[in-house]
Amino acid sequence: MRNINLFPETFSQNKQLPIRIVTPDFGHLSMETMGKLGFKRRLQYYFFLFVLDGRCQHAVDLDTIEVGKHELLFALPHQIQQYPATKHGSDYYKLGFDEECFSRLPRQFPFLLNPLNQQKISFLPVAAIRLKAIFEILLGLLSTADTDPELILAHLNSLLTEINTAYFAADRKPADNRIEKFIGFKLFVENNLTDHPTIRNIAEELAVSTDSLYHIVKHFSGISPKEFITNRLILEARRRLYYHERTSVKELAFDLGFNDPDYFSRLFKKVTGKTVAGFFQDLS
């Protein structure tokens, strides 16, 4: 959030924490400022939108997600976000904070790795009431720039705990460590993406057999580990193309760890149904 190329110095609402909350009546940036920032951007922070009433559509990584009452959308650093053309419903909270803020929390939150590949979470009415109450407290704390950051972090921790619980509620299985293994798989892929890790190497890192890894990844993602890695590489290529972060197909291929640009081009077309040039032309 403190990257001056992306946000004005006044973006944060606290003097010591890079964090901002927005409601229909509070925290909006001016249209002039939004125009300078750009309505399409690669996120440098964690973004949350919780809709209390109404509906809206939000674009993340070229996919349009519809968010309705008592639903929450989250987007992660490095994803491509397009500011919606419609309002965020009639009542909502938006929250953003960066890695510096996140690193000061007392625990990690596995849902932020999005292991279930779902960036929208639905809340039961009683959970939605609790979530709204925490957002209201954060709103009050961030209404004053000199609020003690420890108070903000305490309630941010509570908010993320509620979201984490709701995220995994439908897949909770006692004494089942498959979700932990899948989170480990996703984390390893993220940290070693352009090195093109082999399935055997990942299985050894996670202390599971290649067959077990296949079934774990297939269970949570619906595709094989190899397909998962391929799709993640092509998604990164799409992000860079969308954000104009390339000068040639060859350079893009090398940046993503491909030694053969022709193979990368064929793989890109196989996954997306379009050539790199065709995809870029459609964006233009």
# chains A, B, ... in the order shown; residues from 1 in each chain; ligands from 1
call {"tool": "residues_around", "arguments": {"residues": "Ile129 of chain A", "least_positions_apart": "2", "cutoff": "12 Å", "atoms": "only C-alpha atoms", "output": "PDB file with N, CA, C and O atoms, in the first residue's frame"}}
result
ATOM      1  N   PHE A  50     -17.148  -7.195   1.413  1.00  0.00           N
ATOM      2  CA  PHE A  50     -18.238  -7.894   2.090  1.00  0.00           C
ATOM      3  C   PHE A  50     -19.528  -7.142   1.815  1.00  0.00           C
ATOM      4  O   PHE A  50     -19.671  -5.977   2.193  1.00  0.00           O
ATOM      5  N   VAL A  51     -20.465  -7.809   1.131  1.00  0.00           N
ATOM      6  CA  VAL A  51     -21.726  -7.175   0.757  1.00  0.00           C
ATOM      7  C   VAL A  51     -22.794  -7.516   1.791  1.00  0.00           C
ATOM      8  O   VAL A  51     -23.060  -8.692   2.058  1.00  0.00           O
ATOM      9  N   LEU A  52     -23.390  -6.480   2.368  1.00  0.00           N
ATOM     10  CA  LEU A  52     -24.466  -6.656   3.332  1.00  0.00           C
ATOM     11  C   LEU A  52     -25.828  -6.653   2.665  1.00  0.00           C
ATOM     12  O   LEU A  52     -26.766  -7.310   3.119  1.00  0.00           O
ATOM     13  N   LYS A  69     -25.710 -10.628  -1.184  1.00  0.00           N
ATOM     14  CA  LYS A  69     -25.917 -10.406   0.244  1.00  0.00           C
ATOM     15  C   LYS A  69     -25.239 -11.484   1.086  1.00  0.00           C
ATOM     16  O   LYS A  69     -25.368 -12.673   0.814  1.00  0.00           O
ATOM     17  N   HIS A  70     -24.504 -11.033   2.099  1.00  0.00           N
ATOM     18  CA  HIS A  70     -23.802 -11.903   3.047  1.00  0.00           C
ATOM     19  C   HIS A  70     -22.735 -12.747   2.364  1.00  0.00           C
ATOM     20  O   HIS A  70     -22.412 -13.843   2.818  1.00  0.00           O
ATOM     21  N   GLU A  71     -22.187 -12.230   1.266  1.00  0.00           N
ATOM     22  CA  GLU A  71     -21.077 -12.891   0.593  1.00  0.00           C
ATOM     23  C   GLU A  71     -19.845 -11.999   0.622  1.00  0.00           C
ATOM     24  O   GLU A  71     -19.958 -10.771   0.605  1.00  0.00           O
ATOM     25  N   PHE A 123     -21.785 -16.482   3.945  1.00  0.00           N
ATOM     26  CA  PHE A 123     -21.889 -16.544   5.392  1.00  0.00           C
ATOM     27  C   PHE A 123     -23.334 -16.765   5.819  1.00  0.00           C
ATOM     28  O   PHE A 123     -24.259 -16.162   5.261  1.00  0.00           O
ATOM     29  N   LEU A 124     -23.519 -17.635   6.808  1.00  0.00           N
ATOM     30  CA  LEU A 124     -24.829 -17.795   7.410  1.00  0.00           C
ATOM     31  C   LEU A 124     -25.194 -16.497   8.136  1.00  0.00           C
ATOM     32  O   LEU A 124     -24.303 -15.732   8.528  1.00  0.00           O
ATOM     33  N   PRO A 125     -26.495 -16.224   8.323  1.00  0.00           N
ATOM     34  CA  PRO A 125     -26.905 -14.951   8.947  1.00  0.00           C
ATOM     35  C   PRO A 125     -26.210 -14.643  10.263  1.00  0.00           C
ATOM     36  O   PRO A 125     -25.773 -13.514  10.491  1.00  0.00           O
ATOM     37  N   VAL A 126     -26.073 -15.645  11.140  1.00  0.00           N
ATOM     38  CA  VAL A 126     -25.451 -15.372  12.441  1.00  0.00           C
ATOM     39  C   VAL A 126     -23.973 -15.027  12.286  1.00  0.00           C
ATOM     40  O   VAL A 126     -23.445 -14.151  12.991  1.00  0.00           O
ATOM     41  N   ALA A 127     -23.284 -15.687  11.337  1.00  0.00           N
ATOM     42  CA  ALA A 127     -21.872 -15.378  11.081  1.00  0.00           C
ATOM     43  C   ALA A 127     -21.736 -14.019  10.415  1.00  0.00           C
ATOM     44  O   ALA A 127     -20.783 -13.273  10.687  1.00  0.00           O
ATOM     45  N   LEU A 131     -19.471 -10.838  11.542  1.00  0.00           N
ATOM     46  CA  LEU A 131     -18.524 -10.211  10.620  1.00  0.00           C
ATOM     47  C   LEU A 131     -18.795  -8.711  10.514  1.00  0.00           C
ATOM     48  O   LEU A 131     -17.862  -7.891  10.538  1.00  0.00           O
ATOM     49  N   LYS A 132     -20.072  -8.350  10.414  1.00  0.00           N
ATOM     50  CA  LYS A 132     -20.433  -6.935  10.350  1.00  0.00           C
ATOM     51  C   LYS A 132     -19.975  -6.200  11.606  1.00  0.00           C
ATOM     52  O   LYS A 132     -19.467  -5.068  11.531  1.00  0.00           O
ATOM     53  N   ALA A 133     -20.131  -6.827  12.763  1.00  0.00           N
ATOM     54  CA  ALA A 133     -19.741  -6.186  14.026  1.00  0.00           C
ATOM     55  C   ALA A 133     -18.235  -5.902  14.049  1.00  0.00           C
ATOM     56  O   ALA A 133     -17.802  -4.834  14.503  1.00  0.00           O
ATOM     57  N   ILE A 134     -17.440  -6.841  13.537  1.00  0.00           N
ATOM     58  CA  ILE A 134     -15.983  -6.630  13.518  1.00  0.00           C
ATOM     59  C   ILE A 134     -15.619  -5.523  12.533  1.00  0.00           C
ATOM     60  O   ILE A 134     -14.762  -4.675  12.807  1.00  0.00           O
ATOM     61  N   PHE A 135     -16.258  -5.535  11.366  1.00  0.00           N
ATOM     62  CA  PHE A 135     -16.011  -4.464  10.400  1.00  0.00           C
ATOM     63  C   PHE A 135     -16.358  -3.098  11.003  1.00  0.00           C
ATOM     64  O   PHE A 135     -15.647  -2.117  10.782  1.00  0.00           O
ATOM     65  N   GLU A 136     -17.451  -3.035  11.764  1.00  0.00           N
ATOM     66  CA  GLU A 136     -17.860  -1.771  12.387  1.00  0.00           C
ATOM     67  C   GLU A 136     -16.819  -1.284  13.382  1.00  0.00           C
ATOM     68  O   GLU A 136     -16.524  -0.091  13.468  1.00  0.00           O
ATOM     69  N   LEU A 159     -11.299 -10.814  12.474  1.00  0.00           N
ATOM     70  CA  LEU A 159     -11.997 -10.803  11.184  1.00  0.00           C
ATOM     71  C   LEU A 159     -11.506 -11.934  10.294  1.00  0.00           C
ATOM     72  O   LEU A 159     -12.301 -12.689   9.716  1.00  0.00           O
ATOM     73  N   GLU A 162     -12.713 -15.386  11.414  1.00  0.00           N
ATOM     74  CA  GLU A 162     -14.087 -15.651  10.976  1.00  0.00           C
ATOM     75  C   GLU A 162     -14.105 -16.083   9.511  1.00  0.00           C
ATOM     76  O   GLU A 162     -14.789 -17.036   9.129  1.00  0.00           O
TER      77      GLU A 162
END
call {"tool": "residues_around", "arguments": {"residues": "segment 209-222 of chain A", "least_positions_apart": "5", "cutoff": "9 Å", "atoms": "only C-alpha atoms", "output": "ChimeraX atom specification"}}
result
/A:115-117,178-179,181-182,185,199-200,202-204,228
call {"tool": "write_last_selection", "arguments": {"atoms": "N, CA, C and O atoms", "output": "PDB file, in the first residue's frame"}}
result
ATOM      1  N   PRO A 115      -6.772 -22.549  -1.207  1.00  0.00           N
ATOM      2  CA  PRO A 115      -6.575 -23.944  -1.615  1.00  0.00           C
ATOM      3  C   PRO A 115      -7.796 -24.563  -2.279  1.00  0.00           C
ATOM      4  O   PRO A 115      -7.666 -25.503  -3.059  1.00  0.00           O
ATOM      5  N   LEU A 116      -8.996 -24.067  -1.988  1.00  0.00           N
ATOM      6  CA  LEU A 116     -10.210 -24.623  -2.578  1.00  0.00           C
ATOM      7  C   LEU A 116     -10.613 -23.913  -3.865  1.00  0.00           C
ATOM      8  O   LEU A 116     -11.661 -24.206  -4.445  1.00  0.00           O
ATOM      9  N   ASN A 117      -9.781 -22.974  -4.299  1.00  0.00           N
ATOM     10  CA  ASN A 117     -10.036 -22.240  -5.547  1.00  0.00           C
ATOM     11  C   ASN A 117     -11.417 -21.584  -5.559  1.00  0.00           C
ATOM     12  O   ASN A 117     -12.170 -21.684  -6.527  1.00  0.00           O
ATOM     13  N   ARG A 178      -5.282 -33.851   4.539  1.00  0.00           N
ATOM     14  CA  ARG A 178      -5.123 -33.610   3.107  1.00  0.00           C
ATOM     15  C   ARG A 178      -5.116 -32.126   2.770  1.00  0.00           C
ATOM     16  O   ARG A 178      -4.383 -31.692   1.872  1.00  0.00           O
ATOM     17  N   ILE A 179      -5.932 -31.345   3.480  1.00  0.00           N
ATOM     18  CA  ILE A 179      -5.971 -29.917   3.176  1.00  0.00           C
ATOM     19  C   ILE A 179      -4.629 -29.270   3.484  1.00  0.00           C
ATOM     20  O   ILE A 179      -4.165 -28.392   2.753  1.00  0.00           O
ATOM     21  N   LYS A 181      -1.732 -30.754   3.286  1.00  0.00           N
ATOM     22  CA  LYS A 181      -0.823 -31.167   2.214  1.00  0.00           C
ATOM     23  C   LYS A 181      -1.092 -30.368   0.935  1.00  0.00           C
ATOM     24  O   LYS A 181      -0.159 -29.980   0.227  1.00  0.00           O
ATOM     25  N   PHE A 182      -2.363 -30.106   0.653  1.00  0.00           N
ATOM     26  CA  PHE A 182      -2.682 -29.335  -0.550  1.00  0.00           C
ATOM     27  C   PHE A 182      -2.207 -27.896  -0.414  1.00  0.00           C
ATOM     28  O   PHE A 182      -1.703 -27.300  -1.373  1.00  0.00           O
ATOM     29  N   PHE A 185       1.351 -27.961  -1.075  1.00  0.00           N
ATOM     30  CA  PHE A 185       1.574 -28.083  -2.520  1.00  0.00           C
ATOM     31  C   PHE A 185       1.444 -26.717  -3.190  1.00  0.00           C
ATOM     32  O   PHE A 185       2.310 -26.311  -3.974  1.00  0.00           O
ATOM     33  N   ILE A 199       6.787 -33.171 -10.245  1.00  0.00           N
ATOM     34  CA  ILE A 199       5.834 -33.740  -9.290  1.00  0.00           C
ATOM     35  C   ILE A 199       6.569 -34.575  -8.250  1.00  0.00           C
ATOM     36  O   ILE A 199       6.231 -34.552  -7.061  1.00  0.00           O
ATOM     37  N   ARG A 200       7.593 -35.300  -8.680  1.00  0.00           N
ATOM     38  CA  ARG A 200       8.370 -36.114  -7.743  1.00  0.00           C
ATOM     39  C   ARG A 200       9.049 -35.238  -6.689  1.00  0.00           C
ATOM     40  O   ARG A 200       9.047 -35.564  -5.494  1.00  0.00           O
ATOM     41  N   ILE A 202       8.124 -32.291  -5.608  1.00  0.00           N
ATOM     42  CA  ILE A 202       7.123 -31.731  -4.697  1.00  0.00           C
ATOM     43  C   ILE A 202       6.652 -32.803  -3.714  1.00  0.00           C
ATOM     44  O   ILE A 202       6.493 -32.543  -2.517  1.00  0.00           O
ATOM     45  N   ALA A 203       6.424 -34.019  -4.214  1.00  0.00           N
ATOM     46  CA  ALA A 203       5.987 -35.110  -3.343  1.00  0.00           C
ATOM     47  C   ALA A 203       7.024 -35.393  -2.263  1.00  0.00           C
ATOM     48  O   ALA A 203       6.682 -35.593  -1.084  1.00  0.00           O
ATOM     49  N   GLU A 204       8.292 -35.392  -2.641  1.00  0.00           N
ATOM     50  CA  GLU A 204       9.359 -35.613  -1.658  1.00  0.00           C
ATOM     51  C   GLU A 204       9.383 -34.492  -0.631  1.00  0.00           C
ATOM     52  O   GLU A 204       9.569 -34.737   0.567  1.00  0.00           O
ATOM     53  N   PHE A 228      -2.309 -28.509 -12.788  1.00  0.00           N
ATOM     54  CA  PHE A 228      -2.372 -27.375 -11.869  1.00  0.00           C
ATOM     55  C   PHE A 228      -1.191 -26.430 -12.098  1.00  0.00           C
ATOM     56  O   PHE A 228      -1.362 -25.214 -12.196  1.00  0.00           O
TER      57      PHE A 228
END
call {"tool": "closest_residue", "arguments": {"among": "A:Ser122, A:Leu241, A:Tyr93, A:Glu66", "to": "Ile137 of chain A", "atoms": "only C-alpha atoms"}}
result
A:Tyr93
call {"tool": "residues_around", "arguments": {"residues": "segment 104-113 of chain A", "least_positions_apart": "4", "cutoff": "9 Å", "atoms": "only C-alpha atoms", "output": "PyMOL selection string"}}
result
chain A and resi 46+74-76+99-100+117+153-154+156-157+160-161+163-165+167-168+180+183+186-187
call {"tool": "closest_residue", "arguments": {"among": "A:Phe254, A:Phe264, A:Phe48, A:Phe102", "to": "Pro18 of chain A", "atoms": "only C-alpha atoms"}}
result
A:Phe102
call {"tool": "select_by_dssp", "arguments": {"residues": "segment 5-207 of chain A", "states": "strand (DSSP E)", "output": "ChimeraX atom specification"}}
result
/A:19-22,40-42,46-53,56-60,63-67,71-75,80-82,91-97,120-122
call {"tool": "atom_distance", "arguments": {"atom1": "atom CA of Glu236 of chain A", "atom2": "atom CA of Gln57 of chain A"}}
result
22.6 Å
call {"tool": "residues_around", "arguments": {"residues": "Asn201 of chain A", "least_positions_apart": "3", "cutoff": "12 Å", "atoms": "only C-alpha atoms", "output": "ChimeraX atom specification"}}
result
/A:185,188-189,192,195-198,204-210,213,225
call {"tool": "write_last_selection", "arguments": {"atoms": "N, CA and C atoms", "output": "short mmCIF file (atom, residue, chain, number, x, y, z; two decimals), in the first residue's frame"}}
result
data_model
loop_
_atom_site.label_atom_id
_atom_site.label_comp_id
_atom_site.auth_asym_id
_atom_site.auth_seq_id
_atom_site.Cartn_x
_atom_site.Cartn_y
_atom_site.Cartn_z
N PHE A 185 1.35 -27.96 -1.08
CA PHE A 185 1.57 -28.08 -2.52
C PHE A 185 1.44 -26.72 -3.19
N PHE A 188 4.36 -24.43 -2.29
CA PHE A 188 5.59 -24.82 -2.96
C PHE A 188 5.55 -24.38 -4.43
N VAL A 189 4.41 -24.57 -5.07
CA VAL A 189 4.28 -24.15 -6.47
C VAL A 189 4.46 -22.65 -6.61
N ASN A 192 8.11 -21.65 -6.20
CA ASN A 192 9.07 -22.21 -7.15
C ASN A 192 8.50 -22.27 -8.57
N ASP A 195 10.65 -22.17 -11.69
CA ASP A 195 11.65 -23.23 -11.73
C ASP A 195 11.06 -24.52 -12.30
N HIS A 196 9.73 -24.53 -12.52
CA HIS A 196 9.04 -25.69 -13.06
C HIS A 196 9.34 -26.96 -12.24
N PRO A 197 8.98 -26.98 -10.97
CA PRO A 197 9.27 -28.14 -10.13
C PRO A 197 8.59 -29.41 -10.65
N THR A 198 9.25 -30.54 -10.50
CA THR A 198 8.67 -31.82 -10.92
C THR A 198 7.71 -32.32 -9.84
N GLU A 204 8.29 -35.39 -2.64
CA GLU A 204 9.36 -35.61 -1.66
C GLU A 204 9.38 -34.49 -0.63
N GLU A 205 9.18 -33.26 -1.08
CA GLU A 205 9.17 -32.12 -0.17
C GLU A 205 8.03 -32.24 0.85
N LEU A 206 6.89 -32.76 0.41
CA LEU A 206 5.71 -32.87 1.28
C LEU A 206 5.65 -34.20 2.01
N ALA A 207 6.62 -35.07 1.76
CA ALA A 207 6.70 -36.39 2.41
C ALA A 207 5.47 -37.24 2.10
N VAL A 208 5.07 -37.26 0.83
CA VAL A 208 3.98 -38.11 0.39
C VAL A 208 4.42 -38.80 -0.90
N SER A 209 3.72 -39.85 -1.28
CA SER A 209 4.02 -40.51 -2.55
C SER A 209 3.43 -39.69 -3.70
N THR A 210 3.92 -39.93 -4.90
CA THR A 210 3.39 -39.20 -6.05
C THR A 210 1.91 -39.56 -6.28
N LEU A 213 -0.08 -37.57 -3.73
CA LEU A 213 -0.13 -36.16 -4.14
C LEU A 213 -1.14 -35.97 -5.26
N PRO A 225 -1.80 -32.67 -10.56
CA PRO A 225 -0.74 -31.73 -10.18
C PRO A 225 -0.06 -31.09 -11.39
#
call {"tool": "atom_distance", "arguments": {"atom1": "atom CA of Glu150 of chain A", "atom2": "atom CA of Ala128 of chain A"}}
result
24.2 Å
call {"tool": "closest_residue", "arguments": {"among": "A:Asn191, A:Thr275, A:Ser158, A:Gln79", "to": "Leu235 of chain A", "atoms": "only C-alpha atoms"}}
result
A:Gln79
call {"tool": "decode", "arguments": {"residues": "segment 49-60 of chain A", "atoms": "all heavy atoms", "output": "PDB file, in the first residue's frame"}}
result
ATOM      1  N   LEU A  49     -14.102  -7.573  -0.022  1.00  0.00           N
ATOM      2  CA  LEU A  49     -15.377  -6.888  -0.237  1.00  0.00           C
ATOM      3  C   LEU A  49     -16.470  -7.740   0.398  1.00  0.00           C
ATOM      4  O   LEU A  49     -16.690  -8.886  -0.012  1.00  0.00           O
ATOM      5  CB  LEU A  49     -15.648  -6.713  -1.730  1.00  0.00           C
ATOM      6  CG  LEU A  49     -17.077  -6.300  -2.116  1.00  0.00           C
ATOM      7  CD1 LEU A  49     -17.416  -4.910  -1.575  1.00  0.00           C
ATOM      8  CD2 LEU A  49     -17.263  -6.347  -3.632  1.00  0.00           C
ATOM      9  N   PHE A  50     -17.148  -7.195   1.413  1.00  0.00           N
ATOM     10  CA  PHE A  50     -18.238  -7.894   2.090  1.00  0.00           C
ATOM     11  C   PHE A  50     -19.528  -7.142   1.815  1.00  0.00           C
ATOM     12  O   PHE A  50     -19.671  -5.977   2.193  1.00  0.00           O
ATOM     13  CB  PHE A  50     -17.967  -7.963   3.594  1.00  0.00           C
ATOM     14  CG  PHE A  50     -19.042  -8.677   4.378  1.00  0.00           C
ATOM     15  CD1 PHE A  50     -19.518  -9.909   3.972  1.00  0.00           C
ATOM     16  CD2 PHE A  50     -19.565  -8.111   5.525  1.00  0.00           C
ATOM     17  CE1 PHE A  50     -20.499 -10.571   4.687  1.00  0.00           C
ATOM     18  CE2 PHE A  50     -20.546  -8.765   6.256  1.00  0.00           C
ATOM     19  CZ  PHE A  50     -21.016  -9.999   5.842  1.00  0.00           C
ATOM     20  N   VAL A  51     -20.465  -7.809   1.131  1.00  0.00           N
ATOM     21  CA  VAL A  51     -21.726  -7.175   0.757  1.00  0.00           C
ATOM     22  C   VAL A  51     -22.794  -7.516   1.791  1.00  0.00           C
ATOM     23  O   VAL A  51     -23.060  -8.692   2.058  1.00  0.00           O
ATOM     24  CB  VAL A  51     -22.174  -7.633  -0.651  1.00  0.00           C
ATOM     25  CG1 VAL A  51     -23.551  -7.061  -0.976  1.00  0.00           C
ATOM     26  CG2 VAL A  51     -21.156  -7.191  -1.696  1.00  0.00           C
ATOM     27  N   LEU A  52     -23.390  -6.480   2.368  1.00  0.00           N
ATOM     28  CA  LEU A  52     -24.466  -6.656   3.332  1.00  0.00           C
ATOM     29  C   LEU A  52     -25.828  -6.653   2.665  1.00  0.00           C
ATOM     30  O   LEU A  52     -26.766  -7.310   3.119  1.00  0.00           O
ATOM     31  CB  LEU A  52     -24.415  -5.540   4.392  1.00  0.00           C
ATOM     32  CG  LEU A  52     -23.214  -5.575   5.330  1.00  0.00           C
ATOM     33  CD1 LEU A  52     -23.089  -4.265   6.074  1.00  0.00           C
ATOM     34  CD2 LEU A  52     -23.348  -6.726   6.307  1.00  0.00           C
ATOM     35  N   ASP A  53     -25.961  -5.908   1.587  1.00  0.00           N
ATOM     36  CA  ASP A  53     -27.230  -5.833   0.879  1.00  0.00           C
ATOM     37  C   ASP A  53     -26.975  -5.455  -0.579  1.00  0.00           C
ATOM     38  O   ASP A  53     -26.085  -4.663  -0.871  1.00  0.00           O
ATOM     39  CB  ASP A  53     -28.145  -4.800   1.536  1.00  0.00           C
ATOM     40  CG  ASP A  53     -29.587  -4.926   1.070  1.00  0.00           C
ATOM     41  OD1 ASP A  53     -29.950  -6.016   0.588  1.00  0.00           O
ATOM     42  OD2 ASP A  53     -30.337  -3.943   1.169  1.00  0.00           O
ATOM     43  N   GLY A  54     -27.763  -6.024  -1.488  1.00  0.00           N
ATOM     44  CA  GLY A  54     -27.584  -5.744  -2.907  1.00  0.00           C
ATOM     45  C   GLY A  54     -26.661  -6.748  -3.568  1.00  0.00           C
ATOM     46  O   GLY A  54     -26.258  -7.745  -2.972  1.00  0.00           O
ATOM     47  N   ARG A  55     -26.284  -6.480  -4.815  1.00  0.00           N
ATOM     48  CA  ARG A  55     -25.404  -7.355  -5.579  1.00  0.00           C
ATOM     49  C   ARG A  55     -24.452  -6.509  -6.417  1.00  0.00           C
ATOM     50  O   ARG A  55     -24.749  -5.352  -6.736  1.00  0.00           O
ATOM     51  CB  ARG A  55     -26.189  -8.285  -6.500  1.00  0.00           C
ATOM     52  CG  ARG A  55     -27.262  -9.103  -5.830  1.00  0.00           C
ATOM     53  CD  ARG A  55     -27.786 -10.187  -6.739  1.00  0.00           C
ATOM     54  NE  ARG A  55     -26.813 -11.261  -6.912  1.00  0.00           N
ATOM     55  CZ  ARG A  55     -26.635 -12.243  -6.018  1.00  0.00           C
ATOM     56  NH1 ARG A  55     -27.336 -12.273  -4.917  1.00  0.00           N
ATOM     57  NH2 ARG A  55     -25.741 -13.184  -6.253  1.00  0.00           N
ATOM     58  N   CYS A  56     -23.309  -7.088  -6.781  1.00  0.00           N
ATOM     59  CA  CYS A  56     -22.386  -6.407  -7.682  1.00  0.00           C
ATOM     60  C   CYS A  56     -21.539  -7.448  -8.396  1.00  0.00           C
ATOM     61  O   CYS A  56     -21.524  -8.618  -8.029  1.00  0.00           O
ATOM     62  CB  CYS A  56     -21.506  -5.420  -6.917  1.00  0.00           C
ATOM     63  SG  CYS A  56     -20.291  -6.205  -5.845  1.00  0.00           S
ATOM     64  N   GLN A  57     -20.843  -7.014  -9.419  1.00  0.00           N
ATOM     65  CA  GLN A  57     -19.914  -7.872 -10.136  1.00  0.00           C
ATOM     66  C   GLN A  57     -18.510  -7.297 -10.013  1.00  0.00           C
ATOM     67  O   GLN A  57     -18.319  -6.090 -10.105  1.00  0.00           O
ATOM     68  CB  GLN A  57     -20.307  -7.983 -11.614  1.00  0.00           C
ATOM     69  CG  GLN A  57     -21.594  -8.756 -11.843  1.00  0.00           C
ATOM     70  CD  GLN A  57     -21.888  -8.950 -13.310  1.00  0.00           C
ATOM     71  OE1 GLN A  57     -21.442  -8.179 -14.157  1.00  0.00           O
ATOM     72  NE2 GLN A  57     -22.635 -10.002 -13.640  1.00  0.00           N
ATOM     73  N   HIS A  58     -17.543  -8.183  -9.798  1.00  0.00           N
ATOM     74  CA  HIS A  58     -16.168  -7.755  -9.605  1.00  0.00           C
ATOM     75  C   HIS A  58     -15.262  -8.638 -10.458  1.00  0.00           C
ATOM     76  O   HIS A  58     -15.424  -9.868 -10.471  1.00  0.00           O
ATOM     77  CB  HIS A  58     -15.792  -7.887  -8.124  1.00  0.00           C
ATOM     78  CG  HIS A  58     -14.738  -6.928  -7.691  1.00  0.00           C
ATOM     79  ND1 HIS A  58     -15.014  -5.675  -7.170  1.00  0.00           N
ATOM     80  CD2 HIS A  58     -13.392  -7.024  -7.698  1.00  0.00           C
ATOM     81  CE1 HIS A  58     -13.902  -5.063  -6.874  1.00  0.00           C
ATOM     82  NE2 HIS A  58     -12.897  -5.851  -7.187  1.00  0.00           N
ATOM     83  N   ALA A  59     -14.321  -8.038 -11.172  1.00  0.00           N
ATOM     84  CA  ALA A  59     -13.424  -8.787 -12.056  1.00  0.00           C
ATOM     85  C   ALA A  59     -12.076  -9.010 -11.392  1.00  0.00           C
ATOM     86  O   ALA A  59     -11.422  -8.059 -10.959  1.00  0.00           O
ATOM     87  CB  ALA A  59     -13.239  -8.032 -13.375  1.00  0.00           C
ATOM     88  N   VAL A  60     -11.667 -10.269 -11.294  1.00  0.00           N
ATOM     89  CA  VAL A  60     -10.374 -10.644 -10.733  1.00  0.00           C
ATOM     90  C   VAL A  60      -9.726 -11.645 -11.676  1.00  0.00           C
ATOM     91  O   VAL A  60     -10.326 -12.686 -11.983  1.00  0.00           O
ATOM     92  CB  VAL A  60     -10.513 -11.259  -9.321  1.00  0.00           C
ATOM     93  CG1 VAL A  60      -9.144 -11.669  -8.790  1.00  0.00           C
ATOM     94  CG2 VAL A  60     -11.192 -10.293  -8.359  1.00  0.00           C
TER      95      VAL A  60
END
